[in-house]
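Asks: Sharing model_3.csv below, CSV, C-alpha atoms:
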chain,number,residue,atom,x,y,z
A,1,MET,CA,-46.7,28.1,12.9
A,2,VAL,CA,-44.7,25.5,10.9
A,3,THR,CA,-46.8,22.8,9.4
A,4,SER,CA,-45.7,19.1,9.4
A,5,ASP,CA,-45.2,19.2,5.7
A,6,GLN,CA,-43.0,22.3,6.0
A,7,ARG,CA,-41.0,20.6,8.8
A,8,ARG,CA,-40.5,17.5,6.7
A,9,ARG,CA,-39.3,19.6,3.8
A,10,GLN,CA,-36.9,21.5,6.0
A,11,LEU,CA,-35.5,18.3,7.5
A,12,ALA,CA,-35.1,16.8,4.0
A,13,ARG,CA,-33.3,20.0,2.9
A,14,GLU,CA,-30.9,19.9,5.9
A,15,LYS,CA,-30.1,16.2,5.2
A,16,TYR,CA,-29.4,17.0,1.6
A,17,GLU,CA,-27.1,19.9,2.6
A,18,ARG,CA,-25.2,17.6,5.0
A,19,GLN,CA,-24.8,15.0,2.3
A,20,GLN,CA,-23.5,17.6,-0.1
A,21,ARG,CA,-21.0,18.9,2.5
A,22,ARG,CA,-19.7,15.4,3.2
A,23,ARG,CA,-19.3,14.7,-0.5
A,24,GLU,CA,-17.5,17.9,-1.0
A,25,GLU,CA,-15.2,17.2,1.9
A,26,ALA,CA,-14.5,13.7,0.4
A,27,ARG,CA,-13.7,15.3,-3.0
A,28,GLN,CA,-11.4,17.8,-1.3
A,29,ARG,CA,-9.5,15.0,0.5
A,30,THR,CA,-9.1,13.0,-2.7
A,31,ARG,CA,-8.1,16.1,-4.6
A,32,ARG,CA,-5.4,16.9,-2.0
A,33,LEU,CA,-4.1,13.3,-2.2
A,34,THR,CA,-4.1,13.3,-6.0
A,35,LEU,CA,-2.3,16.6,-6.1
A,36,ALA,CA,0.4,15.3,-3.7
A,37,ILE,CA,0.9,12.1,-5.8
A,38,THR,CA,0.8,14.1,-9.1
A,39,SER,CA,3.4,16.5,-7.8
A,40,ALA,CA,5.7,13.7,-6.9
A,41,VAL,CA,5.2,12.1,-10.3
A,42,ALA,CA,6.3,15.3,-11.9
A,43,VAL,CA,9.8,14.7,-10.7
A,44,VAL,CA,10.0,10.9,-10.1
A,45,ALA,CA,8.7,7.7,-11.6
A,46,VAL,CA,5.4,6.4,-10.3
A,47,ILE,CA,5.4,3.2,-8.4
A,48,GLY,CA,1.9,1.9,-7.6
A,49,GLY,CA,0.6,5.4,-7.3
A,50,ALA,CA,4.0,6.1,-5.8
A,51,THR,CA,7.4,7.3,-6.6
A,52,TYR,CA,11.0,6.2,-7.0
A,53,LEU,CA,13.7,8.6,-8.0
A,54,ALA,CA,16.5,7.4,-10.2
A,55,THR,CA,19.7,9.5,-10.4
A,56,SER,CA,22.6,9.2,-12.8
A,57,GLY,CA,25.1,11.6,-11.2
A,58,ASN,CA,28.2,10.6,-9.1
A,59,ASP,CA,27.7,13.0,-6.3
A,60,ASP,CA,27.2,11.1,-3.0
A,61,LYS,CA,24.9,13.7,-1.6
A,62,ASP,CA,22.6,13.5,-4.6
A,63,LYS,CA,22.4,9.8,-4.2
A,64,THR,CA,21.6,10.1,-0.5
A,65,ASP,CA,18.9,12.7,-1.2
A,66,ALA,CA,17.5,10.5,-4.0
A,67,ALA,CA,17.3,7.5,-1.7
A,68,ALA,CA,15.5,9.5,1.0
A,69,SER,CA,12.9,10.8,-1.5
A,70,GLN,CA,11.9,7.4,-2.9
A,71,SER,CA,8.6,6.3,-1.6
A,72,PRO,CA,6.8,3.0,-2.3
A,73,SER,CA,3.3,4.3,-2.0
A,74,ALA,CA,-0.2,3.5,-3.1
A,75,GLU,CA,-3.4,5.4,-3.4
A,76,ALA,CA,-5.4,3.7,-0.6
A,77,SER,CA,-8.2,6.1,0.0
A,78,PRO,CA,-11.7,5.6,-1.4
A,79,SER,CA,-12.9,7.7,-4.3
A,80,PRO,CA,-15.3,10.6,-3.7
A,81,THR,CA,-18.2,8.3,-4.7
A,82,GLU,CA,-17.2,5.6,-2.2
A,83,GLU,CA,-17.7,5.3,1.5
A,84,ALA,CA,-14.6,4.2,3.4
A,85,LYS,CA,-14.9,0.6,4.6
A,86,PRO,CA,-14.0,-0.3,8.1
A,87,GLU,CA,-10.9,-2.3,8.8
A,88,PRO,CA,-11.6,-6.0,9.1
A,89,ALA,CA,-12.5,-7.2,12.6
A,90,MET,CA,-9.6,-8.8,14.4
A,91,LYS,CA,-9.9,-12.6,14.0
A,92,ILE,CA,-6.4,-13.8,14.0
A,93,ASP,CA,-4.3,-15.2,16.9
A,94,LYS,CA,-2.2,-12.2,17.8
A,95,LYS,CA,0.4,-14.5,19.5
A,96,ALA,CA,0.9,-16.7,16.4
A,97,GLU,CA,3.0,-16.6,13.2
A,98,TYR,CA,1.4,-16.9,9.8
A,99,THR,CA,2.7,-17.7,6.4
A,100,MET,CA,1.7,-15.9,3.3
A,101,SER,CA,2.1,-18.0,0.1
A,102,LEU,CA,1.9,-16.7,-3.4
A,103,LYS,CA,1.7,-18.9,-6.4
A,104,THR,CA,3.0,-16.9,-9.3
A,105,SER,CA,4.0,-17.2,-12.9
A,106,GLN,CA,7.7,-16.8,-11.8
A,107,GLY,CA,7.5,-19.5,-9.0
A,108,ASP,CA,6.2,-19.7,-5.5
A,109,ILE,CA,7.0,-16.9,-3.1
A,110,ALA,CA,6.4,-17.3,0.7
A,111,PHE,CA,7.2,-15.4,3.8
A,112,THR,CA,6.4,-15.4,7.5
A,113,MET,CA,4.4,-12.8,9.4
A,114,ASP,CA,4.7,-12.3,13.2
A,115,ALA,CA,1.2,-11.3,14.4
A,116,SER,CA,2.5,-10.2,17.7
A,117,LYS,CA,4.4,-7.4,16.0
A,118,THR,CA,2.0,-6.6,13.1
A,119,PRO,CA,-1.5,-7.7,14.2
A,120,HIS,CA,-3.4,-5.3,12.0
A,121,THR,CA,-1.4,-6.0,8.9
A,122,THR,CA,-1.5,-9.8,9.4
A,123,ASN,CA,-5.2,-9.7,10.1
A,124,SER,CA,-5.9,-7.6,7.0
A,125,PHE,CA,-4.0,-9.9,4.7
A,126,LYS,CA,-5.6,-13.0,6.2
A,127,SER,CA,-9.1,-11.4,5.7
A,128,LEU,CA,-8.3,-10.4,2.1
A,129,ALA,CA,-6.7,-13.7,1.2
A,130,ASP,CA,-9.7,-15.7,2.5
A,131,LYS,CA,-11.8,-13.6,0.1
A,132,LYS,CA,-9.5,-14.4,-2.8
A,133,PHE,CA,-8.8,-10.7,-3.1
A,134,PHE,CA,-5.3,-11.2,-4.6
A,135,ASP,CA,-6.1,-14.2,-6.9
A,136,GLY,CA,-5.7,-13.2,-10.5
A,137,THR,CA,-3.7,-10.0,-9.8
A,138,LYS,CA,-0.1,-9.1,-10.8
A,139,CYS,CA,3.0,-7.5,-9.4
A,140,HIS,CA,2.8,-4.2,-11.3
A,141,ARG,CA,6.0,-2.4,-10.6
A,142,LEU,CA,9.8,-3.2,-10.5
A,143,THR,CA,12.5,-0.8,-9.5
A,144,THR,CA,16.1,-1.5,-10.3
A,145,GLU,CA,18.1,1.6,-9.3
A,146,ASN,CA,18.7,3.2,-5.9
A,147,ILE,CA,16.1,0.9,-4.3
A,148,TYR,CA,15.3,-2.6,-5.4
A,149,VAL,CA,11.7,-3.7,-4.9
A,150,LEU,CA,8.9,-5.6,-6.6
A,151,GLN,CA,5.5,-4.1,-5.7
A,152,CYS,CA,2.3,-6.2,-5.7
A,153,GLY,CA,-1.2,-6.3,-4.2
A,154,ASP,CA,-3.1,-3.9,-6.4
A,155,PRO,CA,-6.3,-5.4,-7.8
A,156,LYS,CA,-6.3,-2.8,-10.6
A,157,GLY,CA,-2.8,-3.5,-11.7
A,158,ASP,CA,-1.9,0.2,-12.1
A,159,GLY,CA,-0.9,1.3,-8.6
A,160,SER,CA,-4.2,3.0,-7.8
A,161,GLY,CA,-6.1,0.1,-6.3
A,162,GLY,CA,-6.8,-1.1,-2.8
A,163,PRO,CA,-9.3,-2.7,-0.4
A,164,GLY,CA,-11.3,0.5,0.3
A,165,TYR,CA,-10.0,0.8,3.8
A,166,THR,CA,-6.7,1.6,5.5
A,167,ILE,CA,-4.7,0.0,8.3
A,168,PRO,CA,-2.3,1.6,10.9
A,169,ASP,CA,1.4,1.6,10.6
A,170,GLU,CA,3.2,-1.0,12.7
A,171,ASN,CA,6.7,-2.2,13.7
A,172,LEU,CA,8.3,0.9,12.3
A,173,THR,CA,11.3,0.7,14.7
A,174,ALA,CA,12.1,-2.8,13.8
A,175,LEU,CA,14.9,-1.8,11.3
A,176,GLY,CA,16.6,0.6,13.7
A,177,LYS,CA,16.9,4.3,14.0
A,178,ALA,CA,17.1,6.5,10.8
A,179,GLY,CA,20.5,7.9,10.0
A,180,ALA,CA,21.3,11.5,9.2
A,181,GLU,CA,19.8,11.1,5.7
A,182,GLY,CA,16.5,10.0,7.2
A,183,SER,CA,16.5,6.4,6.0
A,184,VAL,CA,17.2,2.9,7.2
A,185,THR,CA,18.2,-0.3,5.4
A,186,TYR,CA,15.4,-2.6,4.4
A,187,PRO,CA,17.4,-5.8,4.0
A,188,ALA,CA,17.0,-8.1,1.0
A,189,GLY,CA,14.1,-10.5,1.8
A,190,THR,CA,12.0,-7.9,3.6
A,191,VAL,CA,8.3,-7.6,2.8
A,192,ALA,CA,6.8,-4.2,3.7
A,193,MET,CA,3.6,-2.2,3.2
A,194,ALA,CA,3.2,0.5,0.6
A,195,ASN,CA,1.3,3.6,1.6
A,196,THR,CA,0.2,7.1,0.3
A,197,GLY,CA,3.2,8.8,1.9
A,198,GLN,CA,1.0,9.8,4.9
A,199,PRO,CA,0.9,7.9,8.2
A,200,HIS,CA,-1.6,5.0,8.6
A,201,THR,CA,-2.6,4.7,5.0
A,202,GLY,CA,-1.6,1.2,4.1
A,203,GLY,CA,-4.1,-0.8,2.0
A,204,SER,CA,-3.4,-4.0,0.1
A,205,GLN,CA,-0.2,-3.1,-1.8
A,206,PHE,CA,3.1,-4.4,-0.5
A,207,PHE,CA,6.6,-4.6,-1.8
A,208,LEU,CA,9.3,-7.3,-1.9
A,209,VAL,CA,12.9,-6.1,-1.3
A,210,TYR,CA,15.3,-8.2,-3.4
A,211,LYS,CA,18.4,-6.2,-2.6
A,212,ASP,CA,19.3,-4.1,0.4
A,213,SER,CA,17.5,-0.7,0.0
A,214,LYS,CA,17.6,2.6,1.8
A,215,LEU,CA,14.2,4.0,2.6
A,216,PRO,CA,12.6,6.2,5.3
A,217,PRO,CA,11.3,4.0,8.2
A,218,THR,CA,7.7,4.7,7.3
A,219,TYR,CA,6.7,1.5,5.7
A,220,THR,CA,5.5,-1.3,7.9
A,221,PRO,CA,8.0,-4.3,7.6
A,222,PHE,CA,5.8,-7.3,8.2
A,223,GLY,CA,7.4,-10.3,6.6
A,224,THR,CA,10.6,-12.1,5.6
A,225,MET,CA,11.0,-14.2,2.5
A,226,ASP,CA,12.6,-17.6,2.6
A,227,ALA,CA,15.8,-18.2,0.5
A,228,LYS,CA,14.0,-19.8,-2.4
A,229,SER,CA,11.4,-17.0,-2.6
A,230,LEU,CA,14.1,-14.3,-2.5
A,231,LYS,CA,15.9,-16.0,-5.3
A,232,ALA,CA,12.7,-16.0,-7.4
A,233,VAL,CA,12.2,-12.3,-6.9
A,234,GLN,CA,15.9,-11.6,-7.6
A,235,ALA,CA,15.5,-13.3,-10.9
A,236,VAL,CA,12.7,-11.0,-11.8
A,237,GLY,CA,14.8,-8.0,-10.7
A,238,LYS,CA,17.8,-9.3,-12.8
A,239,ALA,CA,15.6,-9.5,-15.9
A,240,GLY,CA,14.8,-5.8,-15.5
A,241,VAL,CA,11.9,-3.6,-16.5
A,242,ASP,CA,9.8,-4.1,-19.6
A,243,GLY,CA,11.1,-1.7,-22.3
A,244,GLY,CA,14.2,-0.8,-20.3
A,245,GLY,CA,14.6,2.0,-17.7
A,246,PRO,CA,14.9,1.8,-14.0
A,247,ASP,CA,11.3,1.3,-13.0
A,248,GLY,CA,8.0,0.1,-14.5
A,249,ALA,CA,6.3,-3.2,-15.2
A,250,PRO,CA,8.7,-6.2,-14.8
A,251,LYS,CA,10.0,-7.7,-18.0
A,252,LYS,CA,9.2,-11.1,-16.4
A,253,ALA,CA,5.5,-10.7,-15.7
A,254,VAL,CA,4.6,-11.8,-12.2
A,255,ASN,CA,1.0,-13.0,-12.2
A,256,ILE,CA,-0.5,-14.2,-8.9
A,257,SER,CA,-2.8,-17.1,-9.5
A,258,LYS,CA,-3.4,-17.7,-5.8
A,259,LEU,CA,-2.5,-16.1,-2.5
A,260,THR,CA,-3.2,-17.8,0.9
A,261,VAL,CA,-2.4,-16.9,4.5
A,262,ASP,CA,-2.2,-19.8,7.0
A,263,LYS,CA,-1.3,-20.0,10.7
A,264,VAL,CA,2.0,-21.7,11.3
Represent the supplied structure as structure tokens.

Replies:
Amino acid sequence: MVTSDQRRRQLAREKYERQQRRREEARQRTRRLTLAITSAVAVVAVIGGATYLATSGNDDKDKTDAAASQSPSAEASPSPTEEAKPEPAMKIDKKAEYTMSLKTSQGDIAFTMDASKTPHTTNSFKSLADKKFFDGTKCHRLTTENIYVLQCGDPKGDGSGGPGYTIPDENLTALGKAGAEGSVTYPAGTVAMANTGQPHTGGSQFFLVYKDSKLPPTYTPFGTMDAKSLKAVQAVGKAGVDGGGPDGAPKKAVNISKLTVDKV
């Protein structure tokens, strides 16, 4: 007959084993994600935990393949020691438009978000902005060849940070059907979500397109900059990357002192 003490020890042992299994599964998931990102970095330049391939050849096919392989992504999953947080509860008006405003060291940047098309994205940014999540951060990556984007939204500033939760992809058909090369044009002025390269892995990182760019239609387009804001980002792009090269930290540092999201 099993005594109560033995039963308690057995239950404690089973609980410990379950915890160990969950931790090991989390480690495996993160290991797979890290391997995927590391493999990409081996052949392309990292952008926010993500990659952009720059080519120098004249072959049109090489350029097309390069454009298709570029991926503004970000490591959004929690680390093995962290529990994934839930997505913020929906509190916005899903029929309204919202304005995201960034006060930066290179001028003010603003764009509109249509909550009816991107409710999860809009709600997440509203929730994070209200918590001052982005205040004191910087836009950590600029790309000046093949695709033309400035990437922001990482609290760590190295491309590996996020809010500890992920949000679903939205509005992916807004820019039309992908061509034979598997990409669509993200027009200058577009603001879109970065991700890990896998579906529904957006976090807090986003990118500002300052010149028409060909990318796979896998990045949620959720905003459009006004003319003044686009001009400010284009000036950052024109100044180039710190130390030269096609991608890296922008030579004109873009520090975000304050980011707000308000209903129009």

Asks: Can you tell me which residues surround region 255-262 of chain A at a distance of at most 8 Å, considering only C-alpha atoms, apart from same-chain residues fewer than 3 positions away, and format the answer as a PyMOL selection string?

Replies: chain A and resi 98-106+125-126+129-130+132+134-139

Asks: One number please: CA of Pro72 (chain A) to CA of Phe207 (chain A), in Å, one decimal.

Replies: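 That distance, rounded to one decimal, is 7.6 Å.
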
Asks: Have a look at A:Thr196, A:Ser127, A:Thr218, A:Pro168 and name the one nearest to Ser183 (chain A); count all atoms listed in the file.

Replies: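 For Ser183 (chain A), the nearest of the given residues is A:Thr218.
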
Asks: Which value, in Å to one decimal, gives the distance between CA of Lys156 (chain A) and CA of Phe133 (chain A)?

Replies: 11.2 Å

Asks: What gap, in Å, lies between CA of Val254 (chain A) and CA of Val233 (chain A)?

Replies: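 Separating CA of Val254 (chain A) from CA of Val233 (chain A) is a distance of 9.3 Å.
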
Asks: Neighbours of region 109-116 of chain A within 9 Å (all atoms listed in the file; same-chain residues fewer than 4 positions away dropped), as a ChimeraX atom specification?

Replies: /A:92-104,120-123,189-191,222-226,228-230,232-233,264

Asks: Have a look at A:Glu87, A:Glu181, A:Glu14, A:Asp242 and name the one nearest to Thr166 (chain A); count all atoms listed in the file.

Replies: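 Nearest candidate to Thr166 (chain A) out of A:Glu87, A:Glu181, A:Glu14, A:Asp242: A:Glu87.
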
Asks: Using only C-alpha atoms for the distances, tell me which of A:Phe206, A:Tyr186, A:Tyr165, A:Tyr219 is nearest to Gln151 (chain A).

Replies: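 Of all the options, A:Phe206 lies closest to Gln151 (chain A).
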
Asks: Identify which of the residues A:Pro217, A:Gly203, A:Pro187, A:Gly153 lies closest to Thr173 (chain A), counting only C-alpha atoms when measuring atom-to-atom distances.

Replies: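 Between A:Pro217, A:Gly203, A:Pro187, A:Gly153, the residue approaching Thr173 (chain A) most closely is A:Pro217.
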
Asks: A:Ala249, A:Ala194, A:Ala188, A:Val241: which is nearest Tyr210 (chain A), counting only C-alpha atoms?

Replies: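 Using only C-alpha atoms, Tyr210 (chain A) sits closest to A:Ala188.
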
Asks: Between A:Leu172, A:Pro88, A:Ala239, A:Thr3, which one has atoms that come closest to Pro199 (chain A), using all atoms listed in the file?

Replies: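 Residue with the minimum atom-to-atom distance to Pro199 (chain A): A:Leu172.
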